[in-house]
Each structure stands twice: as structure tokens, then as C-alpha cells.
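Coordinates from work.pdb are shown below (PDB, C-alpha atoms, pLDDT in the B column).
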ATOM      1  CA  MET A1255      34.397   8.149 124.125  1.00 53.00           C
ATOM      2  CA  GLY A1256      36.682   5.420 123.154  1.00 57.00           C
ATOM      3  CA  ASP A1257      40.232   4.511 122.582  1.00 60.00           C
ATOM      4  CA  PRO A1258      42.159   7.478 120.985  1.00 57.00           C
ATOM      5  CA  SER A1259      43.972   5.033 118.736  1.00 58.00           C
ATOM      6  CA  GLU A1260      40.705   4.297 116.905  1.00 60.00           C
ATOM      7  CA  LYS A1261      40.381   6.084 113.586  1.00 62.00           C
ATOM      8  CA  LYS A1262      37.280   8.096 112.862  1.00 60.00           C
ATOM      9  CA  LYS A1263      35.412   6.977 109.769  1.00 56.00           C
ATOM     10  CA  PRO A1264      35.234   9.601 106.987  1.00 59.00           C
ATOM     11  CA  HIS A1265      31.571   8.864 106.304  1.00 54.00           C
ATOM     12  CA  PRO A1266      28.880   7.890 108.822  1.00 59.00           C
ATOM     13  CA  MET A1267      28.047   4.743 106.841  1.00 54.00           C
ATOM     14  CA  PRO A1268      29.881   2.581 104.319  1.00 56.00           C
ATOM     15  CA  ARG A1269      29.652   3.771 100.700  1.00 54.00           C
ATOM     16  CA  THR A1270      27.809   0.659  99.577  1.00 53.00           C
ATOM     17  CA  ARG A1271      25.189   1.292 102.237  1.00 54.00           C
ATOM     18  CA  ALA A1272      24.952   4.990 101.256  1.00 51.00           C
ATOM     19  CA  PHE A1273      24.438   3.985  97.611  1.00 48.00           C
ATOM     20  CA  TYR A1274      21.722   1.529  98.631  1.00 50.00           C
ATOM     21  CA  MET A1275      19.971   4.218 100.699  1.00 49.00           C
ATOM     22  CA  HIS A1276      20.148   6.658  97.754  1.00 49.00           C
ATOM     23  CA  MET A1277      18.634   4.086  95.422  1.00 47.00           C
ATOM     24  CA  LYS A1278      15.951   3.299  97.980  1.00 46.00           C
ATOM     25  CA  LYS A1279      14.976   6.992  98.200  1.00 48.00           C
ATOM     26  CA  SER A1280      14.242   7.171  94.472  1.00 51.00           C
ATOM     27  CA  ASN A1281      11.155   4.975  94.991  1.00 54.00           C
ATOM     28  CA  GLY A1282      11.780   3.246  91.698  1.00 53.00           C
ATOM     29  CA  GLN A1283      11.561   6.472  89.692  1.00 57.00           C
ATOM     30  CA  ALA A1284      14.010   7.278  86.939  1.00 55.00           C
ATOM     31  CA  SER A1285      16.859   9.637  87.689  1.00 57.00           C
ATOM     32  CA  PRO A1286      16.785  13.231  86.358  1.00 57.00           C
ATOM     33  CA  ARG A1287      19.486  12.267  83.865  1.00 58.00           C
ATOM     34  CA  HIS A1288      17.303   9.444  82.567  1.00 58.00           C
ATOM     35  CA  HIS A1289      14.430  11.932  82.109  1.00 58.00           C
ATOM     36  CA  ALA A1290      16.744  14.289  80.198  1.00 61.00           C
ATOM     37  CA  ILE A1291      17.767  11.503  77.843  1.00 67.00           C
ATOM     38  CA  ASN A1292      14.127  10.575  77.198  1.00 76.00           C
ATOM     39  CA  TYR A1293      13.268  14.267  76.701  1.00 77.00           C
ATOM     40  CA  ALA A1294      16.095  14.708  74.191  1.00 82.00           C
ATOM     41  CA  ALA A1295      15.039  11.584  72.313  1.00 87.00           C
ATOM     42  CA  ALA A1296      11.462  12.857  72.091  1.00 88.00           C
ATOM     43  CA  ALA A1297      12.704  16.241  70.809  1.00 89.00           C
ATOM     44  CA  MET A1298      14.832  14.554  68.142  1.00 91.00           C
ATOM     45  CA  GLU A1299      11.829  12.487  67.083  1.00 92.00           C
ATOM     46  CA  GLN A1300       9.678  15.635  66.801  1.00 93.00           C
ATOM     47  CA  MET A1301      12.418  17.292  64.753  1.00 93.00           C
ATOM     48  CA  GLU A1302      12.593  14.324  62.375  1.00 94.00           C
ATOM     49  CA  LEU A1303       8.794  14.297  61.996  1.00 94.00           C
ATOM     50  CA  TYR A1304       8.828  18.016  61.127  1.00 94.00           C
ATOM     51  CA  ARG A1305      11.596  17.474  58.582  1.00 93.00           C
ATOM     52  CA  ALA A1306       9.703  14.559  57.034  1.00 94.00           C
ATOM     53  CA  ASP A1307       6.547  16.696  56.756  1.00 95.00           C
ATOM     54  CA  HIS A1308       8.538  19.635  55.286  1.00 94.00           C
ATOM     55  CA  PRO A1309      11.345  18.002  53.265  1.00 94.00           C
ATOM     56  CA  GLY A1310      12.311  21.129  51.287  1.00 94.00           C
ATOM     57  CA  SER A1311      12.242  23.503  54.256  1.00 95.00           C
ATOM     58  CA  PRO A1312      15.399  25.260  55.455  1.00 96.00           C
ATOM     59  CA  SER A1313      15.268  23.314  58.736  1.00 95.00           C
ATOM     60  CA  ALA A1314      15.202  20.008  56.817  1.00 94.00           C
ATOM     61  CA  VAL A1315      18.020  21.022  54.482  1.00 95.00           C
ATOM     62  CA  ARG A1316      20.267  23.018  56.841  1.00 95.00           C
ATOM     63  CA  ARG A1317      19.587  20.981  60.040  1.00 94.00           C
ATOM     64  CA  PRO A1318      19.916  23.632  62.771  1.00 96.00           C
ATOM     65  CA  GLN A1319      20.944  22.736  66.309  1.00 94.00           C
ATOM     66  CA  LEU A1320      18.108  22.435  68.807  1.00 93.00           C
ATOM     67  CA  PHE A1321      18.285  23.778  72.373  1.00 91.00           C
ATOM     68  CA  PHE A1322      15.824  24.053  75.253  1.00 90.00           C
ATOM     69  CA  ARG A1323      16.119  27.142  77.470  1.00 90.00           C
ATOM     70  CA  SER A1324      13.601  28.725  79.847  1.00 88.00           C
ATOM     71  CA  ASP A1325      10.623  26.718  78.558  1.00 89.00           C
ATOM     72  CA  LEU A1326      11.424  27.628  74.932  1.00 94.00           C
ATOM     73  CA  TRP A1327      12.892  25.622  72.077  1.00 94.00           C
ATOM     74  CA  ILE A1328      15.626  27.306  70.064  1.00 95.00           C
ATOM     75  CA  ALA A1329      16.651  26.232  66.562  1.00 96.00           C
ATOM     76  CA  LEU A1330      20.060  27.756  65.757  1.00 96.00           C
ATOM     77  CA  LEU A1331      22.211  27.738  62.644  1.00 95.00           C
ATOM     78  CA  GLY A1332      25.491  29.526  63.263  1.00 94.00           C
ATOM     79  CA  PRO A1333      28.012  30.155  66.001  1.00 93.00           C
ATOM     80  CA  SER A1334      25.658  32.040  68.357  1.00 92.00           C
ATOM     81  CA  ILE A1335      22.195  33.543  68.652  1.00 89.00           C
ATOM     82  CA  GLU A1336      23.637  36.984  67.902  1.00 92.00           C
ATOM     83  CA  GLU A1337      25.428  35.884  64.723  1.00 92.00           C
ATOM     84  CA  GLY A1338      23.287  33.017  63.447  1.00 94.00           C
ATOM     85  CA  ILE A1339      19.800  32.334  62.156  1.00 95.00           C
ATOM     86  CA  VAL A1340      17.433  31.598  65.022  1.00 96.00           C
ATOM     87  CA  GLY A1341      13.924  30.258  65.472  1.00 97.00           C
ATOM     88  CA  ILE A1342      12.314  30.293  68.915  1.00 96.00           C
ATOM     89  CA  GLY A1343       9.049  28.673  69.976  1.00 96.00           C
ATOM     90  CA  PRO A1344       7.226  26.851  72.779  1.00 95.00           C
ATOM     91  CA  THR A1345       7.438  23.551  70.875  1.00 94.00           C
ATOM     92  CA  VAL A1346      10.019  21.924  68.630  1.00 95.00           C
ATOM     93  CA  SER A1347       7.844  22.377  65.544  1.00 95.00           C
ATOM     94  CA  ALA A1348       7.153  26.038  66.409  1.00 96.00           C
ATOM     95  CA  ALA A1349      10.884  26.726  66.768  1.00 96.00           C
ATOM     96  CA  LEU A1350      11.614  24.996  63.457  1.00 96.00           C
ATOM     97  CA  ARG A1351       8.796  26.914  61.745  1.00 97.00           C
ATOM     98  CA  ALA A1352      10.177  30.197  63.130  1.00 97.00           C
ATOM     99  CA  PHE A1353      13.649  29.165  61.936  1.00 97.00           C
ATOM    100  CA  ASP A1354      12.287  28.548  58.434  1.00 96.00           C
ATOM    101  CA  VAL A1355      10.671  31.997  58.387  1.00 96.00           C
ATOM    102  CA  GLN A1356      13.878  33.709  59.556  1.00 95.00           C
ATOM    103  CA  TYR A1357      16.016  31.774  57.083  1.00 95.00           C
ATOM    104  CA  LEU A1358      13.779  32.648  54.141  1.00 94.00           C
ATOM    105  CA  ALA A1359      13.539  36.286  55.256  1.00 91.00           C
ATOM    106  CA  GLY A1360      17.336  36.484  55.084  1.00 84.00           C
ATOM    107  CA  LEU A1361      17.260  35.336  51.449  1.00 81.00           C
ATOM    108  CA  ARG A1362      14.868  38.067  50.274  1.00 77.00           C
ATOM    109  CA  PRO A1363      16.416  41.257  48.916  1.00 73.00           C
ATOM    110  CA  PRO A1364      16.033  44.273  51.209  1.00 68.00           C
ATOM    111  CA  VAL A1365      13.153  46.640  50.527  1.00 65.00           C
ATOM    112  CA  GLU A1366      14.356  49.547  48.420  1.00 63.00           C
ATOM    113  CA  SER A1367      13.959  53.038  49.759  1.00 57.00           C
ATOM    114  CA  THR A1368      11.626  55.405  47.875  1.00 58.00           C
ATOM    115  CA  CYS A1369      14.017  58.303  48.482  1.00 56.00           C
ATOM    116  CA  THR A1370      16.260  59.387  45.656  1.00 54.00           C
ATOM    117  CA  VAL A1371      19.542  61.164  46.129  1.00 52.00           C
ATOM    118  CA  GLY A1372      19.032  64.866  45.497  1.00 50.00           C
ATOM    119  CA  ALA A1373      15.220  64.629  45.551  1.00 52.00           C
ATOM    120  CA  LEU A1374      13.351  67.662  46.810  1.00 52.00           C
ATOM    121  CA  ARG A1375      11.301  67.225  49.939  1.00 52.00           C
ATOM    122  CA  PRO A1376       8.081  69.113  50.655  1.00 53.00           C
ATOM    123  CA  ARG A1377       7.988  72.044  53.071  1.00 55.00           C
ATOM    124  CA  ASP A1378       6.535  69.829  55.768  1.00 56.00           C
ATOM    125  CA  ALA A1379       9.660  67.648  55.782  1.00 53.00           C
ATOM    126  CA  ALA A1380       8.924  66.319  59.280  1.00 56.00           C
ATOM    127  CA  ALA A1381       5.978  64.360  57.857  1.00 54.00           C
ATOM    128  CA  TRP A1382       8.274  62.461  55.456  1.00 53.00           C
ATOM    129  CA  PRO A1383      10.555  59.661  56.547  1.00 56.00           C
ATOM    130  CA  ALA A1384      14.266  60.412  56.606  1.00 57.00           C
ATOM    131  CA  CYS A1385      16.282  58.839  53.795  1.00 52.00           C
TER     132      CYS A1385
END

Here is a file; write its structure as C-alpha cells.
Amino acid sequence: MGDPSEKKKPHPMPRTRAFYMHMKKSNGQASPRHHAINYAAAAMEQMELYRADHPGSPSAVRRPQLFFRSDLWIALLGPSIEEGIVGIGPTVSAALRAFDVQYLAGLRPPVESTCTVGALRPRDAAAWPAC
């Protein structure tokens, strides 16, 4: 084997060599982080184009956050999906369009019920919706 006084190296090759080998393996392609930065920049550009095309829309005025999860874009205004206004779509513009629809739907007054307190219901009450 060798002299027991020799210290074993912690890594099979020097770090500079390992770095060089890692860089060599990439074959000149960009790192995944570089792709993510380019992807985010493209999404921001699409968002700005949508806002320019729809300047008075809720997404242009309120500027929701934009996320990408499971092949879907999510436009979110609020602390969470459960508590906020959300638009989901396969593209940035589809998510922003869905956000606009949800935002505007929240501004409309609720549909009033046709039932009146104390109103008589027909004998076939099962056919009528419950009030």
C-alpha cells in the first residue's frame, strides 16, 4: 500500500480538476440555472406585453405575482391561493386573462335569491330549490 504516514486525500482529484471536468461535461450548454433565468425573463416580457395590450385590466393595475407550477402559470394577488385572487393557465397570457376574470367576478354583487322569507312553497317542495 504505502507508507502509513501518508495522508489520504479527501477527494480523488484536486478541486480545480473536478471543476474543469464538470465544465467539460456540460458540452458548452447553459446550466439549468441559466435556463431558469432566461425562462423568467421571457415570462416577465410576456406579462409586460399583456399589460401593454390591456392597460386597464386588473392584471395591469394590480400586478399579481406570477408562478410556474406543474406546467401551469399562476397569477396570484394575495397571501395564498386559498385566500387570494388567482388565475391559472397554460400560458402567461392565459393565466393573466383568468386572473382578470376572477378579479372582476369578485367585484360583481352576488346574485339575489328569489326566495322570500315566509313565502309559501308548493306541495311539491322537493322540486323547488332550498332557500

Result set of the PyMOL selection byres ((chain A and resi 1342) around 6) on the coordinates above, as a VMD selection string
chain A and resid 1327 to 1328 1341 1343 1349

Kindly provide, as a VMD selection string, the polymer residues lying within 12 Å of (9.9, 28.6, 59.8), counting only C-alpha atoms and using the coordinates exactly as they appear in the file.
chain A and resid 1304 to 1305 1308 1310 to 1314 1318 1328 to 1330 1339 to 1343 1346 to 1360

Restrict the selected residues to C-alpha atoms and save them as a PDB file, keeping the file's coordinate frame.
ATOM      1  CA  TYR A1304       8.828  18.016  61.127  1.00 94.00           C
ATOM      2  CA  ARG A1305      11.596  17.474  58.582  1.00 93.00           C
ATOM      3  CA  HIS A1308       8.538  19.635  55.286  1.00 94.00           C
ATOM      4  CA  GLY A1310      12.311  21.129  51.287  1.00 94.00           C
ATOM      5  CA  SER A1311      12.242  23.503  54.256  1.00 95.00           C
ATOM      6  CA  PRO A1312      15.399  25.260  55.455  1.00 96.00           C
ATOM      7  CA  SER A1313      15.268  23.314  58.736  1.00 95.00           C
ATOM      8  CA  ALA A1314      15.202  20.008  56.817  1.00 94.00           C
ATOM      9  CA  PRO A1318      19.916  23.632  62.771  1.00 96.00           C
ATOM     10  CA  ILE A1328      15.626  27.306  70.064  1.00 95.00           C
ATOM     11  CA  ALA A1329      16.651  26.232  66.562  1.00 96.00           C
ATOM     12  CA  LEU A1330      20.060  27.756  65.757  1.00 96.00           C
ATOM     13  CA  ILE A1339      19.800  32.334  62.156  1.00 95.00           C
ATOM     14  CA  VAL A1340      17.433  31.598  65.022  1.00 96.00           C
ATOM     15  CA  GLY A1341      13.924  30.258  65.472  1.00 97.00           C
ATOM     16  CA  ILE A1342      12.314  30.293  68.915  1.00 96.00           C
ATOM     17  CA  GLY A1343       9.049  28.673  69.976  1.00 96.00           C
ATOM     18  CA  VAL A1346      10.019  21.924  68.630  1.00 95.00           C
ATOM     19  CA  SER A1347       7.844  22.377  65.544  1.00 95.00           C
ATOM     20  CA  ALA A1348       7.153  26.038  66.409  1.00 96.00           C
ATOM     21  CA  ALA A1349      10.884  26.726  66.768  1.00 96.00           C
ATOM     22  CA  LEU A1350      11.614  24.996  63.457  1.00 96.00           C
ATOM     23  CA  ARG A1351       8.796  26.914  61.745  1.00 97.00           C
ATOM     24  CA  ALA A1352      10.177  30.197  63.130  1.00 97.00           C
ATOM     25  CA  PHE A1353      13.649  29.165  61.936  1.00 97.00           C
ATOM     26  CA  ASP A1354      12.287  28.548  58.434  1.00 96.00           C
ATOM     27  CA  VAL A1355      10.671  31.997  58.387  1.00 96.00           C
ATOM     28  CA  GLN A1356      13.878  33.709  59.556  1.00 95.00           C
ATOM     29  CA  TYR A1357      16.016  31.774  57.083  1.00 95.00           C
ATOM     30  CA  LEU A1358      13.779  32.648  54.141  1.00 94.00           C
ATOM     31  CA  ALA A1359      13.539  36.286  55.256  1.00 91.00           C
ATOM     32  CA  GLY A1360      17.336  36.484  55.084  1.00 84.00           C
TER      33      GLY A1360
END

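The space between atom CA of Ala1297 of chain A and atom CA of Gly1332 of chain A spans 19.9 Å.
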
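Straight-line separation from atom CA of Asp1325 of chain A to atom CA of Asp1307 of chain A: 24.3 Å.
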
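In this structure, atom CA of Arg1323 of chain A sits 10.1 Å away from atom CA of Pro1344 of chain A.
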
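Closest to Leu1326 of chain A among A:Asn1292, A:Glu1302, A:Leu1361, A:Thr1345 is A:Thr1345, based on all atoms listed in the file.
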